[in-house]
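Coordinates from run22.csv are shown below (CSV, C-alpha atoms and all ligand atoms).
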```csv
chain,number,residue,atom,x,y,z
A,405,MET,CA,55.6,32.0,-61.1
A,406,ASN,CA,52.5,30.6,-59.6
A,407,GLU,CA,50.1,31.2,-62.4
A,408,HIS,CA,50.4,28.7,-65.2
A,409,ASN,CA,49.2,28.8,-68.7
A,410,PRO,CA,49.8,25.2,-69.5
A,411,VAL,CA,48.8,25.5,-73.2
A,412,LEU,CA,52.2,26.4,-74.7
A,413,TYR,CA,54.0,24.2,-72.2
A,414,ARG,CA,52.0,21.1,-73.3
A,415,LYS,CA,51.9,22.0,-76.9
A,416,TYR,CA,55.7,22.5,-77.2
A,417,ARG,CA,56.8,19.8,-74.8
A,418,PRO,CA,59.8,18.3,-76.5
A,419,LYS,CA,59.1,15.1,-78.4
A,420,GLU,CA,62.6,14.3,-79.6
A,421,PHE,CA,66.0,14.6,-78.1
A,422,ASN,CA,67.0,17.5,-80.3
A,423,GLU,CA,64.1,19.6,-79.0
A,424,VAL,CA,65.3,19.4,-75.5
A,425,VAL,CA,66.5,22.8,-74.1
A,426,GLY,CA,69.9,22.5,-72.3
A,427,GLN,CA,70.7,19.2,-70.6
A,428,ARG,CA,73.2,18.4,-73.3
A,429,HIS,CA,75.3,16.1,-71.1
A,430,VAL,CA,72.2,14.0,-70.3
A,431,VAL,CA,71.0,13.8,-73.9
A,432,ARG,CA,74.5,12.9,-75.1
A,433,VAL,CA,74.9,10.0,-72.7
A,434,LEU,CA,71.4,8.7,-73.3
A,435,MET,CA,71.8,8.8,-77.1
A,436,ASN,CA,75.1,7.0,-76.8
A,437,ALA,CA,73.5,4.3,-74.8
A,438,LEU,CA,70.7,4.0,-77.4
A,439,ARG,CA,73.2,3.8,-80.2
A,440,ARG,CA,75.1,1.0,-78.5
A,441,GLY,CA,71.8,-0.7,-77.4
A,442,LYS,CA,73.0,-0.4,-73.8
A,443,VAL,CA,70.3,1.5,-72.0
A,444,ALA,CA,70.4,1.1,-68.2
A,445,HIS,CA,67.5,-0.5,-66.3
A,446,ALA,CA,67.2,2.3,-63.8
A,447,TYR,CA,67.9,6.0,-63.8
A,448,VAL,CA,67.5,8.8,-61.4
A,449,PHE,CA,66.9,12.2,-63.0
A,450,SER,CA,67.4,14.9,-60.4
A,451,GLY,CA,67.2,18.7,-60.6
A,452,PRO,CA,64.9,21.7,-60.2
A,453,ARG,CA,61.4,21.7,-61.5
A,454,GLY,CA,60.6,22.6,-65.0
A,455,VAL,CA,63.9,21.7,-66.6
A,456,GLY,CA,62.8,18.7,-68.6
A,457,LYS,CA,63.2,15.6,-66.4
A,458,THR,CA,59.9,13.9,-67.3
A,459,SER,CA,60.1,15.1,-70.9
A,460,ILE,CA,63.4,13.4,-71.4
A,461,ALA,CA,62.1,10.3,-69.5
A,462,ARG,CA,59.2,10.1,-71.9
A,463,ILE,CA,61.4,10.6,-75.0
A,464,LEU,CA,63.7,7.8,-73.7
A,465,ALA,CA,60.7,5.5,-73.2
A,466,LYS,CA,59.5,6.2,-76.7
A,467,ALA,CA,63.0,5.8,-78.2
A,468,VAL,CA,63.7,2.3,-76.6
A,469,ASN,CA,60.4,1.1,-78.1
A,470,CYS,CA,60.8,2.7,-81.5
A,471,ALA,CA,60.8,0.2,-84.3
A,472,HIS,CA,64.0,1.8,-85.6
A,473,ALA,CA,65.9,1.5,-82.3
A,474,PRO,CA,69.3,-0.1,-82.9
A,475,ASN,CA,69.7,-3.5,-81.3
A,476,GLY,CA,73.3,-3.1,-80.4
A,477,SER,CA,74.6,-4.7,-83.5
A,478,GLY,CA,75.2,-2.9,-86.9
A,479,ASP,CA,73.3,0.1,-87.9
A,480,SER,CA,74.1,2.4,-85.0
A,481,ASP,CA,73.5,5.6,-86.8
A,482,ALA,CA,69.9,4.8,-86.6
A,483,ALA,CA,70.0,6.1,-83.0
A,484,LEU,CA,70.5,9.6,-84.3
A,485,SER,CA,66.9,9.6,-85.7
A,486,ILE,CA,65.0,7.9,-83.0
A,487,PRO,CA,62.4,8.1,-81.7
A,488,CYS,CA,61.3,8.2,-85.4
A,489,GLY,CA,57.9,9.6,-84.5
A,490,SER,CA,56.1,7.6,-87.2
A,491,CYS,CA,56.3,3.9,-86.4
A,492,GLY,CA,53.4,2.1,-84.7
A,493,SER,CA,55.0,2.4,-81.2
A,494,CYS,CA,56.0,6.1,-81.6
A,495,THR,CA,52.4,6.8,-82.8
A,496,ALA,CA,51.0,5.1,-79.7
A,497,PHE,CA,53.3,7.1,-77.5
A,498,ALA,CA,52.3,10.3,-79.2
A,499,SER,CA,48.6,9.6,-78.6
A,500,ASN,CA,49.3,8.6,-75.0
A,501,SER,CA,47.9,5.1,-75.7
A,502,SER,CA,51.1,3.1,-75.4
A,503,LEU,CA,50.9,0.4,-72.8
A,504,ASN,CA,54.7,0.5,-72.4
A,505,LEU,CA,54.7,3.8,-70.5
A,506,ILE,CA,53.5,3.7,-66.9
A,507,GLU,CA,53.7,7.0,-65.0
A,508,ILE,CA,53.4,7.1,-61.3
A,509,ASP,CA,53.0,10.4,-59.4
A,510,ALA,CA,54.5,9.7,-56.0
A,511,ALA,CA,53.3,13.1,-54.7
A,512,SER,CA,49.6,12.2,-55.0
A,513,ASN,CA,49.3,9.3,-52.6
A,514,ARG,CA,52.9,8.4,-51.8
A,515,GLY,CA,52.9,5.5,-54.2
A,516,ILE,CA,52.1,2.5,-51.9
A,517,ASN,CA,49.5,0.9,-54.1
A,518,GLU,CA,51.3,2.0,-57.3
A,519,VAL,CA,54.5,0.3,-56.3
A,520,ARG,CA,52.6,-2.8,-55.3
A,521,GLU,CA,50.9,-2.9,-58.7
A,522,LEU,CA,54.3,-2.1,-60.3
A,523,ARG,CA,55.8,-5.1,-58.6
A,524,GLU,CA,53.0,-7.3,-60.0
A,525,SER,CA,52.9,-6.0,-63.5
A,526,VAL,CA,56.6,-5.6,-64.0
A,527,ARG,CA,57.0,-9.4,-64.3
A,528,PHE,CA,55.0,-9.6,-67.4
A,529,MET,CA,56.5,-8.9,-70.8
A,530,PRO,CA,55.4,-5.8,-72.6
A,531,PRO,CA,52.4,-6.7,-74.9
A,532,THR,CA,54.2,-5.1,-77.9
A,533,GLY,CA,57.6,-3.4,-78.2
A,534,LYS,CA,60.7,-4.1,-76.2
A,535,TYR,CA,60.5,-2.3,-72.9
A,536,LYS,CA,58.0,-1.3,-70.3
A,537,THR,CA,59.1,2.1,-68.8
A,538,TYR,CA,58.1,3.2,-65.4
A,539,ILE,CA,58.4,6.8,-64.7
A,540,ILE,CA,58.1,7.7,-61.0
A,541,ASP,CA,57.7,11.5,-60.7
A,542,GLU,CA,58.5,13.3,-57.4
A,543,SER,CA,60.0,10.0,-56.4
A,544,HIS,CA,61.4,11.4,-53.1
A,545,GLN,CA,57.8,11.4,-51.8
A,546,LEU,CA,57.5,7.6,-51.9
A,547,THR,CA,57.0,6.1,-48.4
A,548,LYS,CA,59.6,3.9,-46.8
A,549,GLU,CA,57.5,0.8,-47.6
A,550,ALA,CA,57.2,1.9,-51.2
A,551,PHE,CA,61.0,2.4,-51.4
A,552,ASN,CA,61.6,-1.0,-49.9
A,553,ALA,CA,59.3,-2.7,-52.4
A,554,LEU,CA,60.9,-0.8,-55.3
A,555,LEU,CA,64.3,-1.7,-54.0
A,556,LYS,CA,63.5,-5.4,-54.3
A,557,THR,CA,62.6,-4.9,-58.0
A,558,LEU,CA,65.7,-2.8,-58.7
A,559,GLU,CA,67.9,-5.5,-57.2
A,560,GLU,CA,66.9,-7.8,-60.0
A,561,PRO,CA,65.2,-5.7,-62.7
A,562,PRO,CA,63.6,-7.7,-65.5
A,563,GLU,CA,65.3,-7.4,-68.9
A,564,HIS,CA,62.2,-5.7,-70.3
A,565,ALA,CA,61.8,-3.0,-67.7
A,566,ILE,CA,63.3,0.5,-67.3
A,567,PHE,CA,62.7,2.6,-64.2
A,568,ILE,CA,63.2,6.3,-64.2
A,569,LEU,CA,62.9,8.1,-60.9
A,570,ALA,CA,62.5,11.9,-61.3
A,571,THR,CA,63.1,14.0,-58.2
A,572,THR,CA,63.7,17.6,-57.2
A,573,GLU,CA,65.2,16.4,-53.9
A,574,LEU,CA,67.9,13.8,-54.6
A,575,GLU,CA,69.1,13.8,-51.0
A,576,LYS,CA,65.8,12.4,-49.9
A,577,LEU,CA,66.2,9.2,-52.0
A,578,PRO,CA,67.7,6.3,-50.1
A,579,GLN,CA,71.3,5.6,-51.1
A,580,THR,CA,70.4,2.0,-51.6
A,581,ILE,CA,68.1,3.0,-54.5
A,582,VAL,CA,70.4,5.6,-56.0
A,583,SER,CA,73.4,3.3,-56.1
A,584,ARG,CA,71.4,0.9,-58.3
A,585,THR,CA,70.7,3.5,-60.9
A,586,GLN,CA,72.5,5.7,-63.3
A,587,GLN,CA,72.0,9.2,-61.9
A,588,PHE,CA,71.9,12.4,-63.9
A,589,ASP,CA,71.9,16.0,-62.5
A,590,PHE,CA,69.7,18.2,-64.6
A,591,SER,CA,70.7,21.9,-64.6
A,592,ARG,CA,68.8,25.1,-65.2
A,593,PRO,CA,69.2,26.0,-68.8
A,594,GLY,CA,70.9,29.3,-69.5
A,595,ILE,CA,69.2,32.4,-70.7
A,596,LYS,CA,70.5,31.9,-74.3
A,597,ASP,CA,68.9,28.4,-74.5
A,598,ILE,CA,65.6,29.6,-73.1
A,599,LYS,CA,65.6,32.6,-75.4
A,600,MET,CA,66.3,30.5,-78.4
A,601,ARG,CA,63.4,28.1,-77.6
A,602,LEU,CA,60.9,30.8,-76.8
A,603,GLY,CA,61.9,32.5,-80.1
A,604,LYS,CA,61.2,29.3,-81.9
A,605,ILE,CA,57.8,29.0,-80.2
A,606,CYS,CA,56.9,32.6,-81.2
A,607,GLU,CA,57.8,31.8,-84.7
A,608,LEU,CA,55.6,28.6,-84.7
A,609,GLU,CA,52.8,30.6,-83.2
A,610,GLY,CA,53.1,33.3,-85.8
A,611,ALA,CA,53.9,35.9,-83.2
A,612,VAL,CA,56.4,38.7,-83.4
A,613,CYS,CA,58.4,39.3,-80.3
A,614,GLU,CA,60.9,42.1,-79.7
A,615,ASP,CA,64.4,40.8,-79.0
A,616,ALA,CA,64.6,42.7,-75.7
A,617,ALA,CA,61.2,41.4,-74.7
A,618,LEU,CA,62.3,37.8,-75.4
A,619,GLU,CA,65.4,38.5,-73.2
A,620,SER,CA,63.2,39.9,-70.4
A,621,ILE,CA,61.0,36.8,-70.4
A,622,SER,CA,64.0,34.5,-70.5
A,623,LEU,CA,65.5,36.3,-67.5
A,624,ALA,CA,62.3,36.2,-65.6
A,625,ALA,CA,61.9,32.5,-66.3
A,626,ASP,CA,64.9,32.1,-64.0
A,627,GLY,CA,66.2,28.9,-65.5
A,628,SER,CA,62.8,27.2,-66.0
A,629,LEU,CA,61.6,26.9,-69.6
A,630,ARG,CA,58.2,26.0,-68.3
A,631,ASP,CA,58.0,29.3,-66.5
A,632,GLY,CA,59.2,31.1,-69.7
A,633,GLU,CA,56.5,29.3,-71.7
A,634,SER,CA,53.9,30.2,-69.1
A,635,ILE,CA,54.8,33.9,-69.2
A,636,LEU,CA,54.7,33.9,-73.0
A,637,GLY,CA,51.3,32.2,-72.9
A,638,ARG,CA,50.0,34.8,-70.5
A,639,ILE,CA,51.1,37.5,-72.9
A,640,PHE,CA,49.5,35.8,-75.8
A,641,ALA,CA,46.3,35.4,-73.8
A,642,VAL,CA,45.9,39.1,-73.0
A,643,GLU,CA,47.7,40.9,-75.8
A,644,SER,CA,48.1,40.6,-79.5
A,645,LYS,CA,50.8,38.4,-80.9
A,646,ASN,CA,53.0,41.4,-81.2
A,647,VAL,CA,55.1,41.3,-78.0
A,648,THR,CA,57.0,44.4,-76.9
A,649,SER,CA,59.3,44.9,-73.9
A,650,LYS,CA,56.9,47.4,-72.4
A,651,MET,CA,54.2,44.7,-72.4
A,652,VAL,CA,56.4,42.2,-70.7
A,653,GLU,CA,57.5,44.7,-68.0
A,654,GLU,CA,53.8,45.6,-67.4
A,655,ILE,CA,52.6,42.0,-67.3
A,656,LEU,CA,55.4,40.9,-65.0
A,657,GLY,CA,55.3,44.0,-62.9
A,658,LEU,CA,59.0,44.4,-63.5
A,659,PRO,CA,60.7,47.6,-62.6
A,660,LYS,CA,61.3,49.3,-66.0
A,661,LYS,CA,64.7,48.8,-67.3
A,662,GLU,CA,65.3,52.4,-68.2
A,663,SER,CA,64.3,53.5,-64.7
A,664,LEU,CA,66.6,51.0,-63.1
A,665,ARG,CA,69.4,52.1,-65.2
A,666,ALA,CA,68.8,55.8,-64.4
A,667,PHE,CA,68.8,54.8,-60.7
A,668,PHE,CA,72.0,52.8,-60.9
A,669,SER,CA,73.8,55.4,-63.1
A,670,ALA,CA,72.9,58.2,-60.6
A,671,ILE,CA,74.4,56.1,-57.8
A,672,ALA,CA,77.5,55.4,-59.9
A,673,LYS,CA,78.0,59.1,-60.4
A,674,GLY,CA,77.4,59.8,-56.7
A,675,GLU,CA,74.3,61.8,-57.3
A,676,CYS,CA,72.3,61.4,-54.2
A,677,ALA,CA,69.3,63.6,-55.0
A,678,SER,CA,68.7,62.3,-58.5
A,679,SER,CA,69.0,58.7,-57.3
A,680,LEU,CA,66.4,59.3,-54.7
A,681,ALA,CA,64.2,61.1,-57.3
A,682,VAL,CA,64.3,58.1,-59.7
A,683,LEU,CA,63.6,55.7,-56.8
A,684,GLU,CA,60.6,57.7,-55.7
A,685,GLU,CA,59.3,57.8,-59.2
A,686,MET,CA,59.6,54.0,-59.6
A,687,ILE,CA,57.9,53.4,-56.2
A,688,HIS,CA,55.1,55.8,-57.0
A,689,GLY,CA,54.7,54.2,-60.4
A,690,GLY,CA,53.7,51.0,-58.5
A,691,GLN,CA,56.9,49.1,-59.0
A,692,ASP,CA,57.7,46.5,-56.4
A,693,ILE,CA,60.3,47.8,-54.0
A,694,ARG,CA,61.8,44.4,-53.4
A,695,SER,CA,62.2,43.8,-57.1
A,696,ILE,CA,64.0,47.1,-57.3
A,697,ALA,CA,66.3,46.1,-54.5
A,698,ARG,CA,66.9,42.7,-56.2
A,699,SER,CA,67.7,44.3,-59.5
A,700,ALA,CA,70.1,46.9,-58.0
A,701,LEU,CA,71.8,44.0,-56.1
A,702,GLY,CA,72.1,42.1,-59.4
A,703,MET,CA,73.6,45.0,-61.2
A,704,SER,CA,76.1,45.6,-58.4
A,705,ARG,CA,77.1,42.0,-58.4
A,706,ASN,CA,77.5,41.8,-62.2
A,707,ALA,CA,79.4,45.1,-62.2
A,708,PHE,CA,81.7,43.8,-59.4
A,709,LEU,CA,82.4,40.6,-61.3
A,710,LEU,CA,83.1,42.4,-64.6
A,711,LYS,CA,85.4,44.8,-62.7
A,712,SER,CA,87.2,41.9,-61.0
A,713,ASP,CA,87.8,40.0,-64.2
A,714,PRO,CA,86.7,41.1,-67.7
A,715,GLY,CA,86.9,37.4,-68.7
A,716,LEU,CA,83.7,36.8,-66.6
A,717,GLU,CA,81.7,38.5,-69.3
A,718,ARG,CA,81.3,35.2,-71.0
A,719,VAL,CA,79.9,33.6,-67.9
A,720,LEU,CA,77.5,36.5,-67.2
A,721,LEU,CA,76.1,36.2,-70.6
A,722,GLU,CA,74.4,33.0,-69.4
A,723,GLU,CA,72.2,35.1,-67.1
A,724,ALA,CA,72.3,38.7,-68.3
A,725,THR,CA,71.7,40.1,-71.8
A,726,SER,CA,74.6,41.5,-73.8
A,727,ASP,CA,73.0,44.9,-73.7
A,728,ASP,CA,72.9,44.8,-69.9
A,729,ILE,CA,76.6,43.9,-69.8
A,730,ASP,CA,77.5,46.7,-72.2
A,731,TYR,CA,75.6,49.1,-70.0
A,732,LEU,CA,77.4,48.0,-66.9
A,733,LYS,CA,80.8,48.1,-68.6
A,734,SER,CA,80.2,51.7,-69.4
A,735,LEU,CA,79.8,52.5,-65.7
A,736,LEU,CA,82.9,50.5,-64.5
A,737,PRO,CA,85.3,53.5,-64.6
A,738,LEU,CA,83.0,55.3,-62.0
A,739,PHE,CA,83.4,52.5,-59.5
A,740,SER,CA,86.3,51.2,-57.5
A,741,PRO,CA,86.1,47.5,-56.7
A,742,GLY,CA,85.7,48.4,-53.0
A,743,ARG,CA,82.7,50.6,-53.7
A,744,LEU,CA,81.0,47.8,-55.7
A,745,GLN,CA,81.6,45.4,-52.8
A,746,ASP,CA,80.0,48.0,-50.6
A,747,ALA,CA,77.0,48.3,-53.0
A,748,ILE,CA,76.5,44.5,-52.9
A,749,ARG,CA,76.6,44.4,-49.1
A,750,ILE,CA,74.3,47.5,-48.8
A,751,PHE,CA,71.7,46.4,-51.3
A,752,LEU,CA,71.7,42.9,-49.8
A,753,GLU,CA,70.9,44.3,-46.4
A,754,ALA,CA,68.4,46.7,-47.8
A,755,GLY,CA,66.6,43.9,-49.6
A,756,ASN,CA,66.5,41.8,-46.4
A,757,THR,CA,65.0,44.6,-44.3
A,758,ILE,CA,62.3,46.0,-46.6
A,759,ARG,CA,59.7,43.5,-45.3
A,760,LYS,CA,60.3,44.5,-41.7
A,761,SER,CA,60.6,48.2,-42.3
A,762,PRO,CA,57.6,50.3,-41.2
A,763,ILE,CA,58.4,52.5,-44.2
A,764,PRO,CA,59.1,50.1,-47.1
A,765,SER,CA,61.1,52.6,-49.1
A,766,LEU,CA,63.4,53.5,-46.2
A,767,PRO,CA,66.0,50.7,-46.5
A,768,LEU,CA,66.6,51.6,-50.2
A,769,GLU,CA,66.8,55.3,-49.4
A,770,ILE,CA,69.4,54.7,-46.7
A,771,ALA,CA,71.3,52.5,-49.2
A,772,VAL,CA,71.3,55.4,-51.7
A,773,VAL,CA,72.6,57.9,-49.2
A,774,GLU,CA,75.3,55.5,-48.0
A,775,LEU,CA,76.5,54.7,-51.5
A,776,THR,CA,76.6,58.3,-52.7
A,777,ARG,CA,78.1,59.8,-49.6
A,778,ASP,CA,81.5,61.3,-50.1
A,779,GLN,CA,81.2,60.8,-53.8
A,780,SER,CA,81.8,64.0,-55.7
A,781,SER,CA,80.4,63.6,-59.2
A,782,GLY,CA,82.3,61.0,-61.2
A,783,ALA,CA,85.1,60.5,-58.7
A,784,VAL,CA,86.6,57.1,-58.0
A,785,ARG,CA,87.2,56.4,-54.4
A,801,ZN,ZN,59.5,5.0,-84.0
```

Hey, can you dump this file as structure tokens for me?
Amino acid sequence: MNEHNPVLYRKYRPKEFNEVVGQRHVVRVLMNALRRGKVAHAYVFSGPRGVGKTSIARILAKAVNCAHAPNGSGDSDAALSIPCGSCGSCTAFASNSSLNLIEIDAASNRGINEVRELRESVRFMPPTGKYKTYIIDESHQLTKEAFNALLKTLEEPPEHAIFILATTELEKLPQTIVSRTQQFDFSRPGIKDIKMRLGKICELEGAVCEDAALESISLAADGSLRDGESILGRIFAVESKNVTSKMVEEILGLPKKESLRAFFSAIAKGECASSLAVLEEMIHGGQDIRSIARSALGMSRNAFLLKSDPGLERVLLEEATSDDIDYLKSLLPLFSPGRLQDAIRIFLEAGNTIRKSPIPSLPLEIAVVELTRDQSSGAVR
């Protein structure tokens, strides 16, 4: 997704740990550290974009300064409800006026001046509250000089400072830096987590969204809640707040699910002519040929996994909807494992050659012919 509607993303940026989508392992460890009053002085948050690295960094910065943060002795349950959101420090964070949060974007000018200033300012105690938190976003883009300067600070971090380095490219951070931090890998949240959060946003926005539409958006978000929110925002911007699957398919230019299924079912049954007819209809309807190939590949792959081990259904539910899985299960008797393996290989090749093909539909047409050849209707090879 290149287009962004930042409105929902900003509006619903998590403000507390329990609003974070996915990343349970990270949240659990950080909350434990808060509870015991043992927050580390330096962290590396690595992982794909849009999965909540800076959001969690900001929540942590707010939590350590919250007036109700446990001090390591006694009332440790207090950690469950921090940041409280209402004390003076939390209020300052909420209005972006806290002096204890310093954010540096290493991508903008590679951080040379910022790190120099950081080294100066880090020596001073925070004006109020307990910790100054420095969040360095896109930290892999710091220059060598900036890294060296930062390293000196990390070697002897002041008691009152916390450094959080966020990065999408962990391997580009010097090992000398990473080894002085506590490092967390952020993962892409599953479709269920994204769907739940988007459903909540719809509710808060007073919008009604068909369940299947929510699932399509969550799938298209491809593990990035930010992309999911952006899609939802685009739909809200052009349509009413009554979101249907049809709308989502149109706005995203997705091949229609019913057409894709008709296409895949015809292949499963070995019906060459009707597979080609559905394919032609989809292409003439303006649906993106590469998206069709990608969807057919995805269905083949999921069917293959289900055929290999029905226990994988649980795993697939992270990325496909339960309705999709039921549909594929209904087709499994028509496929031998070998034929599904062929389908994966053939759709993969087709997808890779579409761009180079003088006739864009040709690779998929050949794929259909290959996959339906020698298949009398309904027969298992
Ligand atoms: Zn507070």

Quiz item: Could you list, as a list in words, all the residues within 9 Å of ligand ZN 801 (chain A), counting all atoms listed in the file?
Solution: Lys466, Ala467, Val468, Asn469, Cys470, Ala471, His472, Ala473, Ser485, Ile486, Pro487, Cys488, Gly489, Ser490, Cys491, Gly492, Ser493, Cys494 and Thr495 of chain A

Quiz item: Do you know which residues are at most 10 Å from Met435 (chain A) counting all atoms listed in the file, after dropping those on the same chain fewer than 6 positions away, and could you put them as a ChimeraX atom specification?
Solution: /A:421,441-443,464,467,483-486

Those same residues - C-alpha atoms - I'd like them written as a compact mmCIF listing (two decimals), in the frame of the given file.
```
# COMPACT_ATOMS: atom_id res chain seq x y z
CA PHE A 421 66.00 14.60 -78.10
CA GLY A 441 71.80 -0.70 -77.40
CA LYS A 442 73.00 -0.40 -73.80
CA VAL A 443 70.30 1.50 -72.00
CA LEU A 464 63.70 7.80 -73.70
CA ALA A 467 63.00 5.80 -78.20
CA ALA A 483 70.00 6.10 -83.00
CA LEU A 484 70.50 9.60 -84.30
CA SER A 485 66.90 9.60 -85.70
CA ILE A 486 65.00 7.90 -83.00
```

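The smallest atom-to-atom distance between Glu722 (chain A) and any of A:Glu573, A:Asp626, A:Glu675, A:Glu662, using only C-alpha atoms, is found for A:Asp626.
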
Practice problem: Determine, counting only C-alpha atoms, every residue of protein, DNA or RNA that lies within 6 Å of (53.0, 8.1, -61.5) in the file coordinates, then give the result as a ChimeraX atom specification. | Solution: /A:507-510,540-541

Self-check item: Counting all atoms listed in the file, the residue of A:Ala496, A:Pro762, A:Val647, A:Leu768 that sits nearest Gly610 (chain A)
Solution: A:Val647

Practice problem: Tell me, as a count of residues only, which residues lie within 8 Å of region 746-755 of chain A, counting all atoms listed in the file; anything in the same chain fewer than 6 positions away does not count. | Solution: 11

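Between CA of Pro578 (chain A) and CA of Glu563 (chain A) the separation is 23.4 Å.
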
Quiz prompt | Point-to-point distance from CA of Val582 (chain A) to CA of Arg432 (chain A), Å rounded to tenths | solution = 20.9 Å
